[in-house]
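A short worksheet on the structure shown next.
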Amino acid sequence: MIADKNDLIISIDFLADWIQGIKRTLESEGYNIGTSSKKEEIIINYFNLHRRMISAIPRKVITSKEFSCPEDKKEGLDLIIRKATIGEDLTPHLHIKIKSDPNYNDPLLNDWGIHHLHLGTIIQPNGFVNRTGPVLFARVTDDIFYFVDVMDHSNRNQPWAKQKLFDIIHNNWPESINHNILHGIEMDFHPSDEDRTELRKGGVLIPTQLPDGTIYSRSEVVLLHQGKALRP
């Protein structure tokens with residue numbers, strides 16, 4: 001059919017509209033998205049950011065058999081338990097870059113699906129609780145808050161790649177991650193905690209083999225881009 005010169009032609013770019021919507025959402029949440037940002041960067045930052053957030057919905061809190069918390073941090077732990085149980089916002093306990101840098105990467109979360117939360121109790125001028133050496137490591141699903149352990153993350157004790165964290169999840173709640181078991185493969189390379197740290201720095205996430213021989217893929221089915229885990 002030949003269009004008449006008086007026919008109205010409407011051009012719709014759904015991708016551009018979607019990206020503009022994402023950009024407006026990020027800017028409304030306080031993030032500075034420059035006019036020079038590429039479309040792919042906006043999409044990547046959006047999904048990276050929302051993977052790092054913990055939605056404010058009520059959850060059941062479950063503690064591992066290995067869990068322990070320093071006595072002087074129990075007030076902060078109780079605060080997180082209360083917030084998690086009633087569905088209050090836990091953003092003040094997360095990394096401060098979550099409110100300033102949507103491009104910030106969290107290799108521990110990308111690899112094993114484990115969040116870390118600070119155990120402070122006093123809100124600072126920047127909107128976050130006071131930072132603490134010991135932090136809570138937790139796996140979070142839509143309905144359960146799995147408390148893995150509390151570990152010190154001072155400069156001399158970097159727990160981010162300690163396989164002990166993932167071992168605890170496997171030992172306590174294997175049913176929550178059994179969909180990520182890899183069957184029919186063997187691993188010749190068994191990385192140390194230090195090896196895994198270096199691999200993550202290069203954006204490389206490899207399967208995790210546990211002492212009983214079980215091999216897991218990453219904790220979530222995600223897309224990787226420049227070391228970031230993107231989950232729609």
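Naming scheme: A, B, ... for chains in displayed order of the structure tokens; residues 1 onward per chain; ligands 1 onward as shown.
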Skip segment 20-31 of chain A itself and residues of its chain fewer than 5 positions away, then list as a PyMOL selection string all residues within 9 Å of it, counting only C-alpha atoms. chain A and resi 15+42-43+46+99-102
Restricted to N, CA and C atoms, what would the selected residues look like written as a compact mmCIF listing (two decimals), in the first residue's frame?
# COMPACT_ATOMS: atom_id res chain seq x y z
N LEU A 15 12.70 0.98 22.92
CA LEU A 15 13.95 0.85 23.67
C LEU A 15 14.38 2.18 24.26
N ILE A 42 23.58 2.73 31.15
CA ILE A 42 22.41 3.02 31.97
C ILE A 42 21.69 1.73 32.35
N ILE A 43 21.53 0.83 31.38
CA ILE A 43 20.85 -0.44 31.63
C ILE A 43 21.65 -1.28 32.62
N TYR A 46 21.51 0.11 36.12
CA TYR A 46 20.19 -0.07 36.73
C TYR A 46 20.06 -1.47 37.33
N LYS A 99 24.24 4.41 47.48
CA LYS A 99 23.45 5.62 47.29
C LYS A 99 24.15 6.66 46.43
N SER A 100 25.35 6.37 45.99
CA SER A 100 26.08 7.38 45.22
C SER A 100 26.64 6.84 43.90
N ASP A 101 26.81 5.54 43.81
CA ASP A 101 27.49 4.99 42.64
C ASP A 101 26.80 3.71 42.15
N PRO A 102 25.89 3.84 41.18
CA PRO A 102 25.21 2.65 40.66
C PRO A 102 26.16 1.72 39.90
Could you pull out the strand (DSSP E) residues of segment 39-128 of chain A from DSSP and send them as an MDAnalysis selection string? chainID A and resid 60:63 114:118
For the selection just defined, write its residues with C-alpha atoms to a file, as a PDB file, in the first residue's frame.
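To be explicit, this is the file written out as result.pdb:
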ATOM      1  CA  LYS A  60      11.543 -14.775  58.160  1.00  0.00           C
ATOM      2  CA  VAL A  61      14.985 -14.661  59.794  1.00  0.00           C
ATOM      3  CA  ILE A  62      16.892 -17.963  60.060  1.00  0.00           C
ATOM      4  CA  THR A  63      20.304 -18.329  61.710  1.00  0.00           C
ATOM      5  CA  ILE A 114      25.785 -12.972  49.885  1.00  0.00           C
ATOM      6  CA  HIS A 115      25.087  -9.456  51.192  1.00  0.00           C
ATOM      7  CA  HIS A 116      27.046  -7.799  53.972  1.00  0.00           C
ATOM      8  CA  LEU A 117      25.388  -5.393  56.403  1.00  0.00           C
ATOM      9  CA  HIS A 118      26.942  -3.094  58.977  1.00  0.00           C
TER      10      HIS A 118
END
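Minimum atom-to-atom distances from A:Val135, A:Ala161, A:Val150, A:Leu77 to Gly113 of chain A were compared using only C-alpha atoms, and the lowest value belongs to A:Ala161.
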Tell me, as a PDB file with all heavy atoms, in the first residue's frame, which residues lie within 6 Å of Val148 of chain A, counting only C-alpha atoms; anything in the same chain fewer than 4 positions away does not count.
ATOM      1  N   SER A  64      22.226 -19.642  61.028  1.00  0.00           N
ATOM      2  CA  SER A  64      22.989 -20.872  60.824  1.00  0.00           C
ATOM      3  C   SER A  64      23.470 -21.452  62.145  1.00  0.00           C
ATOM      4  O   SER A  64      23.528 -20.760  63.166  1.00  0.00           O
ATOM      5  CB  SER A  64      24.210 -20.595  59.928  1.00  0.00           C
ATOM      6  OG  SER A  64      25.198 -19.868  60.647  1.00  0.00           O
ATOM      7  N   PHE A 137      26.914 -11.237  57.415  1.00  0.00           N
ATOM      8  CA  PHE A 137      26.836 -11.820  56.078  1.00  0.00           C
ATOM      9  C   PHE A 137      25.529 -12.601  55.986  1.00  0.00           C
ATOM     10  O   PHE A 137      25.225 -13.425  56.863  1.00  0.00           O
ATOM     11  CB  PHE A 137      28.034 -12.726  55.813  1.00  0.00           C
ATOM     12  CG  PHE A 137      29.317 -11.965  55.668  1.00  0.00           C
ATOM     13  CD1 PHE A 137      30.133 -11.736  56.763  1.00  0.00           C
ATOM     14  CD2 PHE A 137      29.697 -11.439  54.442  1.00  0.00           C
ATOM     15  CE1 PHE A 137      31.308 -11.013  56.644  1.00  0.00           C
ATOM     16  CE2 PHE A 137      30.871 -10.708  54.309  1.00  0.00           C
ATOM     17  CZ  PHE A 137      31.681 -10.499  55.409  1.00  0.00           C
ATOM     18  N   ALA A 138      24.765 -12.326  54.935  1.00  0.00           N
ATOM     19  CA  ALA A 138      23.437 -12.920  54.838  1.00  0.00           C
ATOM     20  C   ALA A 138      23.058 -13.198  53.389  1.00  0.00           C
ATOM     21  O   ALA A 138      23.417 -12.440  52.480  1.00  0.00           O
ATOM     22  CB  ALA A 138      22.400 -12.003  55.475  1.00  0.00           C
TER      23      ALA A 138
END
Just the number, please: distance in Å from atom CA of Glu88 of chain A to atom CA of Ala56 of chain A, one decimal.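 According to the coordinates, atom CA of Glu88 of chain A and atom CA of Ala56 of chain A are separated by 5.3 Å.
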Picked from segment 51-124 of chain A by DSSP as alpha helix (DSSP H), as number ranges by chain: A: 51-52, 74-86, 107-112
Fewer than 4 positions away in the same chain doesn't count, so skip those; otherwise give me all residues within 8 Å of segment 171-173 of chain A, counting only C-alpha atoms, as a ChimeraX atom specification. /A:64-65,167,177
